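File shown here: structure.txt, holding compact mmCIF, C-alpha atoms.
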```txt
# COMPACT_ATOMS: atom_id res chain seq x y z
CA MET A 785 -14.37 246.29 290.91
CA VAL A 786 -17.43 248.49 290.86
CA VAL A 787 -20.61 246.42 290.81
CA GLU A 788 -22.74 249.48 290.08
CA GLN A 789 -21.31 249.67 286.54
CA TYR A 790 -23.24 246.52 285.59
CA LEU A 791 -26.95 246.12 285.06
CA PRO A 792 -28.78 244.22 287.83
CA PRO A 793 -28.86 240.40 287.91
CA TRP A 794 -32.28 240.18 286.31
CA PHE A 795 -30.96 237.09 284.48
CA SER A 796 -28.20 234.80 285.68
CA VAL A 797 -26.75 231.45 284.65
CA ALA A 798 -26.75 228.94 287.49
CA PRO A 799 -23.52 227.51 288.90
CA MET A 800 -23.19 223.96 287.54
CA MET A 801 -20.38 221.60 288.44
CA GLU A 802 -18.19 220.65 285.44
CA TRP A 803 -20.29 222.90 283.21
CA THR A 804 -19.98 226.60 284.07
CA ASP A 805 -16.21 226.56 283.90
CA ASN A 806 -13.95 229.21 282.39
CA HIS A 807 -14.50 227.79 278.89
CA TYR A 808 -18.27 228.02 279.05
CA ARG A 809 -18.22 231.48 280.60
CA THR A 810 -15.87 232.73 277.88
CA MET A 811 -18.24 231.47 275.21
CA ALA A 812 -21.34 232.71 277.04
CA ARG A 813 -19.99 236.24 277.32
CA LEU A 814 -19.48 236.34 273.55
CA ILE A 815 -23.24 235.89 273.20
CA SER A 816 -24.63 237.92 276.11
CA LYS A 817 -23.01 241.02 277.59
CA HIS A 818 -25.43 241.45 280.50
CA ALA A 819 -26.29 237.99 281.87
CA TRP A 820 -24.70 237.37 285.26
CA LEU A 821 -22.41 234.35 285.15
CA TYR A 822 -21.63 232.04 288.06
CA THR A 823 -18.58 229.87 288.50
CA GLU A 824 -18.82 226.21 289.29
CA MET A 825 -19.00 225.65 293.02
CA LEU A 826 -15.48 225.72 294.45
CA ALA A 827 -14.89 224.12 297.82
CA ALA A 828 -13.24 226.50 300.27
CA GLU A 829 -10.72 223.76 301.05
CA THR A 830 -9.70 223.58 297.38
CA ILE A 831 -8.99 227.30 297.31
CA VAL A 832 -7.03 227.15 300.56
CA TYR A 833 -4.98 224.11 299.59
CA GLN A 834 -4.28 225.45 296.10
CA GLU A 835 -3.05 228.82 297.38
CA LYS A 836 0.07 228.56 295.21
CA ASN A 837 -1.95 227.66 292.12
CA LEU A 838 -4.98 229.92 292.40
CA ASP A 839 -5.10 231.21 288.84
CA ARG A 840 -6.12 227.78 287.63
CA PHE A 841 -9.22 227.91 289.82
CA LEU A 842 -10.05 231.60 290.20
CA ALA A 843 -8.65 233.62 287.29
CA PHE A 844 -11.00 234.87 284.60
CA SER A 845 -10.96 237.35 281.76
CA PRO A 846 -12.19 240.88 282.56
CA ASP A 847 -14.75 240.33 279.80
CA GLN A 848 -16.58 237.86 282.07
CA HIS A 849 -17.91 240.57 284.40
CA PRO A 850 -20.45 240.54 285.94
CA ILE A 851 -19.39 237.25 287.52
CA VAL A 852 -20.20 235.55 290.83
CA LEU A 853 -17.95 233.12 292.68
CA GLN A 854 -19.83 230.31 294.37
CA ILE A 855 -18.03 228.61 297.22
CA GLY A 856 -18.97 225.67 299.41
CA GLY A 857 -17.81 224.58 302.81
CA SER A 858 -18.61 224.09 306.46
CA ASN A 859 -15.38 225.25 308.11
CA LEU A 860 -15.47 228.91 309.12
CA GLU A 861 -11.70 229.33 309.05
CA ASN A 862 -11.41 227.90 305.55
CA LEU A 863 -14.40 229.88 304.29
CA GLY A 864 -12.80 233.08 305.56
CA LYS A 865 -9.38 232.34 304.12
CA ALA A 866 -10.78 231.17 300.78
CA THR A 867 -12.81 234.36 300.46
CA ARG A 868 -9.80 236.47 301.34
CA LEU A 869 -7.68 234.70 298.70
CA ALA A 870 -10.44 235.13 296.09
CA ASN A 871 -10.96 238.81 296.90
CA LYS A 872 -8.01 239.96 294.80
CA TYR A 873 -9.61 238.49 291.67
CA GLY A 874 -12.44 241.02 291.80
CA TYR A 875 -15.58 238.92 291.69
CA ASP A 876 -18.82 240.91 291.68
CA GLU A 877 -20.51 238.78 294.33
CA ILE A 878 -19.62 235.84 296.57
CA ASN A 879 -22.29 233.16 296.89
CA LEU A 880 -22.47 230.36 299.45
CA ASN A 881 -23.84 227.03 298.27
CA CYS A 882 -26.65 225.89 300.56
CA GLY A 883 -28.52 224.01 297.88
CA CYS A 884 -26.44 221.22 296.32
CA PRO A 885 -28.00 217.81 297.08
CA SER A 886 -25.10 215.72 295.78
CA PRO A 887 -24.08 213.06 298.34
CA LYS A 888 -20.46 214.11 297.82
CA VAL A 889 -21.38 217.60 299.02
CA ALA A 890 -24.38 217.25 301.32
CA GLY A 891 -23.70 213.77 302.69
CA HIS A 892 -22.56 213.23 306.25
CA GLY A 893 -23.71 216.73 307.20
CA CYS A 894 -20.89 218.20 305.16
CA PHE A 895 -22.13 221.25 303.25
CA GLY A 896 -24.41 222.15 300.38
CA VAL A 897 -28.10 221.78 301.18
CA SER A 898 -27.35 220.21 304.58
CA LEU A 899 -26.45 223.69 305.79
CA MET A 900 -30.11 224.68 305.61
CA LEU A 901 -30.63 222.62 308.74
CA ASP A 902 -28.25 224.94 310.64
CA PRO A 903 -29.20 228.55 309.84
CA LYS A 904 -27.17 229.85 312.79
CA PHE A 905 -24.01 228.42 311.23
CA VAL A 906 -24.94 229.81 307.81
CA ALA A 907 -25.33 233.26 309.37
CA GLU A 908 -21.90 232.92 310.98
CA ALA A 909 -20.42 231.73 307.69
CA MET A 910 -21.93 234.63 305.76
CA THR A 911 -20.61 237.08 308.33
CA VAL A 912 -17.12 235.62 307.94
CA ILE A 913 -17.36 235.66 304.15
CA ALA A 914 -18.58 239.26 304.09
CA ALA A 915 -15.74 240.33 306.38
CA ASN A 916 -13.18 239.00 303.91
CA THR A 917 -14.46 240.43 300.63
CA ASP A 918 -15.19 243.77 299.03
CA ALA A 919 -18.12 242.26 297.12
CA PRO A 920 -21.75 241.72 298.16
CA VAL A 921 -22.63 238.25 299.44
CA SER A 922 -25.55 235.93 298.74
CA VAL A 923 -26.91 232.47 299.54
CA LYS A 924 -28.26 229.89 297.10
CA CYS A 925 -30.60 227.39 298.74
CA ARG A 926 -33.55 225.07 298.24
CA ILE A 927 -37.01 225.55 299.78
CA GLY A 928 -36.42 222.71 302.23
CA VAL A 929 -34.64 219.46 303.05
CA ASP A 930 -36.36 216.07 303.42
CA ASP A 931 -39.19 216.47 305.97
CA HIS A 932 -38.05 219.98 306.88
CA ASP A 933 -40.07 221.41 304.03
CA SER A 934 -42.70 223.69 305.52
CA TYR A 935 -42.91 227.30 304.48
CA ASN A 936 -42.32 228.38 308.08
CA GLU A 937 -39.07 226.41 308.23
CA LEU A 938 -37.90 228.07 305.03
CA CYS A 939 -38.76 231.46 306.49
CA ASP A 940 -36.95 230.63 309.71
CA PHE A 941 -33.84 229.97 307.64
CA ILE A 942 -34.17 233.21 305.65
CA TYR A 943 -34.98 235.25 308.75
CA LYS A 944 -32.09 233.96 310.84
CA VAL A 945 -29.49 234.25 308.09
CA SER A 946 -30.57 237.75 307.03
CA SER A 947 -30.97 239.10 310.57
CA GLN A 948 -27.67 237.72 311.83
CA SER A 949 -25.46 238.44 308.80
CA PRO A 950 -25.07 240.99 305.98
CA THR A 951 -26.86 238.66 303.53
CA ARG A 952 -29.56 240.47 301.56
CA HIS A 953 -29.77 238.36 298.41
CA PHE A 954 -31.10 234.80 298.28
CA ILE A 955 -31.31 232.58 295.20
CA ILE A 956 -34.17 230.15 295.78
CA HIS A 957 -34.31 226.84 293.93
CA SER A 958 -38.04 226.23 294.25
CA ARG A 959 -37.78 222.52 295.04
CA LYS A 960 -36.85 220.86 298.28
CA ALA A 961 -33.91 218.44 298.34
CA LEU A 962 -34.16 214.77 299.20
CA LEU A 963 -31.12 213.32 300.92
CA ASN A 964 -32.28 209.72 300.86
CA GLY A 965 -29.85 208.55 298.24
CA ILE A 966 -31.53 209.75 295.04
CA SER A 967 -29.23 211.26 292.45
CA PRO A 968 -28.68 214.99 291.89
CA ALA A 969 -30.48 214.57 288.56
CA ASP A 970 -33.54 213.09 290.28
CA ASN A 971 -33.37 215.91 292.84
CA ARG A 972 -33.97 218.27 289.94
CA LYS A 973 -37.09 216.37 288.84
CA ILE A 974 -38.78 214.37 291.61
CA PRO A 975 -39.46 216.99 294.31
CA PRO A 976 -42.30 219.19 293.00
CA LEU A 977 -41.73 222.84 292.22
CA LYS A 978 -43.42 225.16 294.71
CA TYR A 979 -43.19 228.60 293.21
CA GLU A 980 -45.76 229.78 295.76
CA TYR A 981 -43.04 229.55 298.42
CA PHE A 982 -40.83 231.88 296.40
CA TYR A 983 -43.54 234.48 295.87
CA ALA A 984 -44.55 234.29 299.52
CA LEU A 985 -40.95 235.18 300.42
CA LEU A 986 -41.30 238.36 298.35
CA ARG A 987 -44.36 239.22 300.40
CA ASP A 988 -42.91 238.40 303.81
CA PHE A 989 -39.38 239.79 303.37
CA PRO A 990 -39.82 243.01 301.39
CA ASP A 991 -36.39 244.33 302.39
CA LEU A 992 -34.54 241.38 300.86
CA ARG A 993 -33.81 240.50 297.23
CA PHE A 994 -34.84 237.12 295.82
CA THR A 995 -33.87 235.36 292.60
CA ILE A 996 -36.05 232.47 291.43
CA ASN A 997 -34.49 229.24 290.13
CA GLY A 998 -35.80 225.86 289.02
CA GLY A 999 -37.79 224.64 286.02
CA ILE A 1000 -37.41 227.83 283.96
CA ASN A 1001 -36.56 226.95 280.37
CA SER A 1002 -37.33 229.87 278.06
CA ILE A 1003 -37.09 233.62 277.75
CA ASP A 1004 -40.89 233.80 277.92
CA GLU A 1005 -40.83 232.03 281.28
CA VAL A 1006 -38.09 234.36 282.51
CA ARG A 1007 -40.24 237.37 281.68
CA ALA A 1008 -43.32 235.74 283.22
CA ALA A 1009 -41.44 235.22 286.50
CA GLN A 1010 -40.38 238.87 286.46
CA GLU A 1011 -43.90 240.06 285.71
CA GLU A 1012 -45.08 238.24 288.83
CA GLY A 1013 -42.48 240.13 290.88
CA ALA A 1014 -39.24 238.10 290.89
CA HIS A 1015 -36.24 240.37 291.43
CA GLY A 1016 -34.09 238.08 289.32
CA VAL A 1017 -34.32 234.80 287.41
CA MET A 1018 -31.63 232.11 287.34
CA VAL A 1019 -31.57 229.56 284.52
CA GLY A 1020 -29.45 226.42 284.56
CA ARG A 1021 -29.39 223.70 281.95
CA SER A 1022 -31.36 225.57 279.29
CA ALA A 1023 -28.69 228.27 279.30
CA TYR A 1024 -26.09 225.57 278.71
CA HIS A 1025 -27.72 223.10 276.35
CA ASN A 1026 -29.45 225.80 274.26
CA SER A 1027 -27.01 228.63 274.85
CA TRP A 1028 -27.39 230.25 271.43
CA SER A 1029 -31.13 230.79 271.66
CA MET A 1030 -31.36 231.41 275.42
CA LEU A 1031 -28.35 233.67 275.94
CA GLY A 1032 -28.77 235.24 272.53
CA ASN A 1033 -32.11 236.74 273.57
CA VAL A 1034 -31.21 237.85 277.10
CA ASP A 1035 -29.75 241.24 276.27
CA THR A 1036 -32.66 242.33 274.08
CA ALA A 1037 -35.64 240.66 275.77
CA ILE A 1038 -34.56 241.08 279.41
CA TYR A 1039 -32.24 244.09 279.41
CA GLY A 1040 -33.72 246.07 276.51
CA ALA A 1041 -30.47 246.34 274.57
CA PRO A 1042 -30.51 246.62 270.77
CA PRO A 1043 -29.74 243.40 268.85
CA SER A 1044 -26.01 242.77 268.68
CA GLY A 1045 -26.18 241.06 265.29
CA VAL A 1046 -23.51 238.59 266.40
CA THR A 1047 -23.37 235.33 264.44
CA ARG A 1048 -22.22 231.86 265.40
CA ARG A 1049 -19.24 232.20 263.06
CA GLN A 1050 -18.13 235.37 264.88
CA VAL A 1051 -18.52 233.65 268.25
CA LEU A 1052 -16.42 230.71 267.05
CA GLU A 1053 -13.71 232.97 265.63
CA LYS A 1054 -13.34 234.85 268.92
CA TYR A 1055 -13.58 231.70 271.00
CA GLN A 1056 -10.85 230.12 268.87
CA VAL A 1057 -8.38 232.78 270.00
CA TYR A 1058 -9.14 231.92 273.62
CA ALA A 1059 -9.16 228.15 273.10
CA ASP A 1060 -5.80 227.97 271.35
CA SER A 1061 -4.27 230.19 274.02
CA VAL A 1062 -5.20 227.82 276.85
CA VAL A 1063 -5.10 224.31 275.36
CA GLY A 1064 -2.69 222.20 277.41
CA ILE A 1065 -1.50 225.03 279.65
CA TYR A 1066 -1.86 222.96 282.84
CA GLY A 1067 0.21 220.06 281.54
CA ASN A 1068 -0.78 216.52 280.67
CA GLY A 1069 -2.87 217.90 277.83
CA LYS A 1070 -5.20 219.79 280.16
CA PRO A 1071 -7.42 221.42 279.17
CA GLY A 1072 -7.85 219.27 276.07
CA LEU A 1073 -9.79 219.97 272.93
CA ARG A 1074 -12.74 217.96 274.25
CA ASP A 1075 -12.93 220.26 277.28
CA LEU A 1076 -12.82 223.33 275.06
CA VAL A 1077 -15.38 222.11 272.53
CA LYS A 1078 -17.87 220.89 275.15
CA PRO A 1079 -19.47 224.34 275.78
CA LEU A 1080 -20.02 224.82 272.04
CA TYR A 1081 -22.57 222.06 271.63
CA GLY A 1082 -25.28 224.41 272.85
CA LEU A 1083 -24.51 226.80 269.99
CA PHE A 1084 -26.14 224.43 267.54
CA TRP A 1085 -28.91 222.92 269.66
CA GLY A 1086 -31.86 221.99 267.47
CA GLU A 1087 -29.96 222.39 264.18
CA PRO A 1088 -30.43 219.38 261.86
CA ARG A 1089 -26.66 219.02 261.27
CA ASN A 1090 -25.68 219.18 264.94
CA GLY A 1091 -25.29 215.41 265.21
CA VAL A 1092 -23.11 215.29 262.10
CA TRP A 1093 -20.84 217.98 263.49
CA LYS A 1094 -20.53 216.21 266.84
CA ARG A 1095 -19.49 213.01 265.09
CA LYS A 1096 -16.92 214.85 262.97
CA ALA A 1097 -15.55 216.56 266.08
CA ASP A 1098 -15.35 213.24 267.94
CA SER A 1099 -13.21 211.86 265.15
CA ALA A 1100 -11.06 215.00 264.91
CA PHE A 1101 -10.20 214.92 268.62
CA HIS A 1102 -7.88 211.98 267.90
CA HIS A 1103 -5.50 213.87 265.61
CA CYS A 1104 -6.11 217.63 265.74
CA LYS A 1105 -3.66 219.52 267.94
CA THR A 1106 -5.27 222.96 267.86
CA PHE A 1107 -8.80 224.27 268.16
CA LYS A 1108 -8.37 226.08 264.84
CA ALA A 1109 -7.47 222.86 263.05
CA LEU A 1110 -10.46 221.09 264.55
CA MET A 1111 -12.84 223.83 263.48
CA GLU A 1112 -11.42 223.96 259.96
CA GLU A 1113 -11.95 220.21 259.64
CA THR A 1114 -15.47 220.02 261.04
CA ILE A 1115 -17.35 223.29 260.75
CA MET A 1116 -18.36 222.69 257.13
CA ALA A 1117 -20.95 220.34 258.59
CA PHE A 1118 -23.12 223.45 258.92
CA PRO A 1119 -24.32 225.58 256.01
CA ASP A 1120 -23.40 229.27 255.85
CA SER A 1121 -27.02 230.13 256.62
CA VAL A 1122 -26.56 228.63 260.10
CA LEU A 1123 -23.11 230.10 260.72
CA ASP A 1124 -23.78 233.62 259.45
CA SER A 1125 -27.30 234.36 260.69
CA PRO A 1126 -27.83 236.32 263.90
CA VAL A 1127 -29.86 234.82 266.69
CA VAL A 1128 -33.59 234.50 266.08
CA ASP A 1129 -35.99 236.10 268.54
CA THR A 1130 -37.68 233.16 270.25
CA SER A 1131 -39.90 235.20 272.56
CA SER A 1132 -43.65 235.23 272.12
CA THR A 1133 -46.38 237.80 272.57
CA THR A 1134 -48.58 235.13 274.15
CA ARG A 1135 -48.73 235.49 277.92
CA VAL A 1136 -47.13 232.67 279.88
CA ASP A 1137 -49.12 231.83 283.02
CA LYS A 1138 -46.57 229.49 284.57
CA PHE A 1139 -46.36 231.51 287.79
CA ALA A 1140 -49.75 233.17 287.90
CA ASP A 1141 -51.39 230.41 289.94
CA SER A 1142 -48.67 230.69 292.56
CA LYS A 1143 -50.31 233.86 293.83
CA ASN A 1144 -53.47 231.83 294.58
CA LEU A 1145 -51.51 229.21 296.53
CA LEU A 1146 -49.52 231.44 298.85
CA PRO A 1147 -49.03 230.02 302.35
CA LEU A 1148 -50.07 232.08 305.35
CA PRO A 1149 -47.81 235.05 306.14
CA TYR A 1150 -44.75 234.32 308.22
CA THR A 1151 -44.19 235.89 311.61
CA ALA A 1152 -40.98 235.28 313.54
CA LYS A 1153 -41.68 233.76 316.95
CA GLU A 1154 -40.96 236.00 319.91
CA GLU A 1155 -38.53 233.53 321.44
CA GLU A 1156 -36.61 233.51 318.17
CA GLU A 1157 -36.49 237.28 318.18
CA GLU A 1158 -35.12 237.21 321.73
CA GLU A 1159 -32.50 234.71 320.60
CA GLU A 1160 -31.46 237.02 317.79
CA LEU A 1161 -30.67 239.74 320.34
CA LEU A 1162 -28.04 237.52 321.85
CA TYR A 1163 -26.12 237.58 318.57
CA ALA A 1164 -26.72 241.21 317.63
```

Starting from the file, lay out its structure as structure tokens.
Amino acid sequence: MVVEQYLPPWFSVAPMMEWTDNHYRTMARLISKHAWLYTEMLAAETIVYQEKNLDRFLAFSPDQHPIVLQIGGSNLENLGKATRLANKYGYDEINLNCGCPSPKVAGHGCFGVSLMLDPKFVAEAMTVIAANTDAPVSVKCRIGVDDHDSYNELCDFIYKVSSQSPTRHFIIHSRKALLNGISPADNRKIPPLKYEYFYALLRDFPDLRFTINGGINSIDEVRAAQEEGAHGVMVGRSAYHNSWSMLGNVDTAIYGAPPSGVTRRQVLEKYQVYADSVVGIYGNGKPGLRDLVKPLYGLFWGEPRNGVWKRKADSAFHHCKTFKALMEETIMAFPDSVLDSPVVDTSSTTRVDKFADSKNLLPLPYTAKEEEEEEELLYA
């Protein structure tokens, strides 16, 4: 595993539970060769307890590079062992989840975004993770938690974690998290986006690398974030629900590669080989055809016949035994013009000012308090 052979993570697909699984990543890589892909969050305990069955959770095709493993947990021993077990799989980066607001994850002070309230522990965890992997390490977090949402508190977290561990890359979801019982979906909508916090971090921590996340839904917005200085841009649901248009433009618009000319039909033909090789391999019909078809819905987002195809597929699930049979029965829902045309360039020459105002709203510069600096010396 040589990370330097890949282009930088200027664009990455966010880790999303039950979405960015092996099936989605296989499909995504058929569309974009350069986007950085993240796994779903895997609990360290799952990796440790499934030591005899790790391929089901950690194995991936070499074609999926560059790929980042995101783990979650609050037990140092398990985090270290899980990282050590994952190391042999050759991930290109190991990321610690300090941003998930789900009650199952963050509740009861467990892990996820709750860890932001304990930066000293996060620094210890990142040190343990880094000691057990050959890959770089990173942290994905929010800009705050509940009432702990000031810019200074965010900076305290970044400062302590980076100064007390090898962590040099932070993925910043530019919303705070609310742990008062609202759903994860509402946590992606209700807390306001504060991009000014992200851009202030670029100013105040010039030796670190920051990737912006949250509310970014188009290639134009990705480029706008970069033009304002973001080192990288992470996109979540738009890269899943509209994968054909979003991922199809990443290599050309973000990485400057020539158009691949790939068509949806070619993606489906290659994905079919994968799908029929894995259907039912874990027993009890898992993964099933529904699991394998799920990532494909984003291929036809916005197409007039998408609903027809979904209904045909829903009916075919009841009797088709192979992915090939299901495709042969349903794919005629789309005309050849949809299946055989390469991706359309959706970028615009019109400047997007989504992040421009953030530079006018920057909070005052951060300065670490002297007593905090003295405390850091105790852990140096």

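Here atom CA of A:Gly928 stands at a distance of 4.4 Å from atom CA of A:Lys960.
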
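When atom CA of A:Tyr979 is paired with atom CA of A:Ala1009, their separation reads 9.6 Å.
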
ask   = Pick the closest to A:Asp847 from A:Lys1054, A:Arg813, A:Lys865, A:Lys1078: which is it, counting only C-alpha atoms?
value = A:Arg813

inquiry  = If we draw a sphere of 10 Å around (-33.3, 230.9, 285.0), which residues have at least one atom in it when counting all atoms listed in the file? Please report them as a PyMOL selection string.
reply    = chain A and resi 794-798+957+995-1003+1005-1006+1009+1016-1023+1030

Distance table requested - stretch 1132-1152 of chain A against stretch 982-991 of chain A, cut-off 8 Å, all atoms listed in the file: one row per qualifying residue with the closest atom pair and its distance in Å to one decimal, ordered by chain and rising residue number, as JSON lines.
```
{"residue": "A:Ser1142", "atom": "CA", "partner": "A:Tyr983", "partner_atom": "CA", "distance": 7.2}
{"residue": "A:Lys1143", "atom": "CA", "partner": "A:Tyr983", "partner_atom": "CA", "distance": 7.1}
{"residue": "A:Leu1146", "atom": "CA", "partner": "A:Ala984", "partner_atom": "CA", "distance": 5.8}
{"residue": "A:Pro1147", "atom": "CA", "partner": "A:Ala984", "partner_atom": "CA", "distance": 6.8}
{"residue": "A:Pro1149", "atom": "CA", "partner": "A:Asp988", "partner_atom": "CA", "distance": 6.4}
{"residue": "A:Tyr1150", "atom": "CA", "partner": "A:Asp988", "partner_atom": "CA", "distance": 6.3}
```

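Counting all atoms listed in the file, the residue from A:Glu1011, A:Asp1004, A:Asp918, A:Glu861 that sits nearest to A:Glu877 is A:Asp918.
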
note = Atom pair atom CA of A:Tyr1039 + atom CA of A:Ser845, distance 22.4 Å

ask   = At most 12 Å from (-14.8, 213.6, 261.4), file frame, all atoms listed in the file: which residues, as an NGL selection string?
value = :A and (1091-1104 or 1109-1117)

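Shortest separation to A:His953 among A:Leu1052, A:Val921, A:Leu838, A:Leu1083 occurs at residue A:Val921, atoms counted being all atoms listed in the file.
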
Using all atoms of stretch 989-996 of chain A listed in the file and a margin of 4 Å per side, can you give the axis-aligned box centre and edge lengths in Å to one decimal, as lines of an AutoDock Vina configuration file?
```
center_x = -36.8
center_y = 238.4
center_z = 297.4
size_x = 14.0
size_y = 19.9
size_z = 19.9
```

message = Which residues are near A:Val1062? Cut-off 12 Å, all atoms listed in the file, ignore same chain within fewer than 2 positions. Put them as a ChimeraX atom specification.
response = /A:806-807,810,840,844,1055-1060,1064-1067,1069-1073,1075-1076,1106-1107

Option closest in space to A:Ser946, from A:Pro903, A:Gly1082, A:Pro1119, A:Gly896 [counting all atoms listed in the file] = A:Pro903

ask   = What's the 9 Å shell around A:Leu853, counting all atoms listed in the file, without same-chain residues fewer than 6 positions away, as a count of residues only?
value = 15

Just so I have it separately, write stretch 1035-1082 of chain A from the block I sent, keeping C-alpha atoms, as a PDB file, in the first residue's frame.
```pdb
ATOM      1  CA  ASP A1035     -12.497  12.835 -12.470  1.00  0.00           C
ATOM      2  CA  THR A1036     -12.779  15.497 -15.159  1.00  0.00           C
ATOM      3  CA  ALA A1037     -13.993  18.538 -13.192  1.00  0.00           C
ATOM      4  CA  ILE A1038     -11.991  17.991  -9.987  1.00  0.00           C
ATOM      5  CA  TYR A1039      -8.970  15.941 -11.047  1.00  0.00           C
ATOM      6  CA  GLY A1040      -8.547  17.177 -14.618  1.00  0.00           C
ATOM      7  CA  ALA A1041      -8.671  13.732 -16.210  1.00  0.00           C
ATOM      8  CA  PRO A1042      -9.963  13.283 -19.761  1.00  0.00           C
ATOM      9  CA  PRO A1043     -13.561  12.011 -20.084  1.00  0.00           C
ATOM     10  CA  SER A1044     -13.720   8.244 -19.649  1.00  0.00           C
ATOM     11  CA  GLY A1045     -16.661   7.825 -22.012  1.00  0.00           C
ATOM     12  CA  VAL A1046     -18.104   5.141 -19.738  1.00  0.00           C
ATOM     13  CA  THR A1047     -21.831   4.470 -20.131  1.00  0.00           C
ATOM     14  CA  ARG A1048     -24.429   3.185 -17.715  1.00  0.00           C
ATOM     15  CA  ARG A1049     -24.687  -0.045 -19.710  1.00  0.00           C
ATOM     16  CA  GLN A1050     -20.942  -0.645 -19.292  1.00  0.00           C
ATOM     17  CA  VAL A1051     -21.178   0.052 -15.558  1.00  0.00           C
ATOM     18  CA  LEU A1052     -24.048  -2.418 -15.236  1.00  0.00           C
ATOM     19  CA  GLU A1053     -22.238  -5.104 -17.227  1.00  0.00           C
ATOM     20  CA  LYS A1054     -19.155  -4.876 -15.009  1.00  0.00           C
ATOM     21  CA  TYR A1055     -21.187  -4.614 -11.830  1.00  0.00           C
ATOM     22  CA  GLN A1056     -23.124  -7.726 -12.855  1.00  0.00           C
ATOM     23  CA  VAL A1057     -19.947  -9.800 -12.729  1.00  0.00           C
ATOM     24  CA  TYR A1058     -19.347  -8.638  -9.164  1.00  0.00           C
ATOM     25  CA  ALA A1059     -22.975  -8.990  -8.054  1.00  0.00           C
ATOM     26  CA  ASP A1060     -23.413 -12.558  -9.269  1.00  0.00           C
ATOM     27  CA  SER A1061     -20.127 -13.532  -7.652  1.00  0.00           C
ATOM     28  CA  VAL A1062     -21.243 -12.428  -4.186  1.00  0.00           C
ATOM     29  CA  VAL A1063     -25.011 -13.015  -4.049  1.00  0.00           C
ATOM     30  CA  GLY A1064     -25.778 -15.289  -1.108  1.00  0.00           C
ATOM     31  CA  ILE A1065     -22.146 -15.939  -0.158  1.00  0.00           C
ATOM     32  CA  TYR A1066     -22.777 -15.324   3.554  1.00  0.00           C
ATOM     33  CA  GLY A1067     -25.656 -17.776   3.780  1.00  0.00           C
ATOM     34  CA  ASN A1068     -29.344 -17.199   4.383  1.00  0.00           C
ATOM     35  CA  GLY A1069     -29.519 -15.410   1.056  1.00  0.00           C
ATOM     36  CA  LYS A1070     -27.164 -12.637   2.173  1.00  0.00           C
ATOM     37  CA  PRO A1071     -26.376 -10.444   0.395  1.00  0.00           C
ATOM     38  CA  GLY A1072     -29.633 -10.611  -1.542  1.00  0.00           C
ATOM     39  CA  LEU A1073     -30.523  -9.053  -4.845  1.00  0.00           C
ATOM     40  CA  ARG A1074     -32.193  -6.128  -3.071  1.00  0.00           C
ATOM     41  CA  ASP A1075     -28.907  -5.351  -1.313  1.00  0.00           C
ATOM     42  CA  LEU A1076     -27.016  -5.510  -4.593  1.00  0.00           C
ATOM     43  CA  VAL A1077     -29.470  -3.413  -6.593  1.00  0.00           C
ATOM     44  CA  LYS A1078     -29.836  -0.706  -3.935  1.00  0.00           C
ATOM     45  CA  PRO A1079     -26.667   1.244  -4.947  1.00  0.00           C
ATOM     46  CA  LEU A1080     -27.817   1.325  -8.578  1.00  0.00           C
ATOM     47  CA  TYR A1081     -30.817   3.564  -8.017  1.00  0.00           C
ATOM     48  CA  GLY A1082     -28.535   6.599  -8.131  1.00  0.00           C
TER      49      GLY A1082
END
```
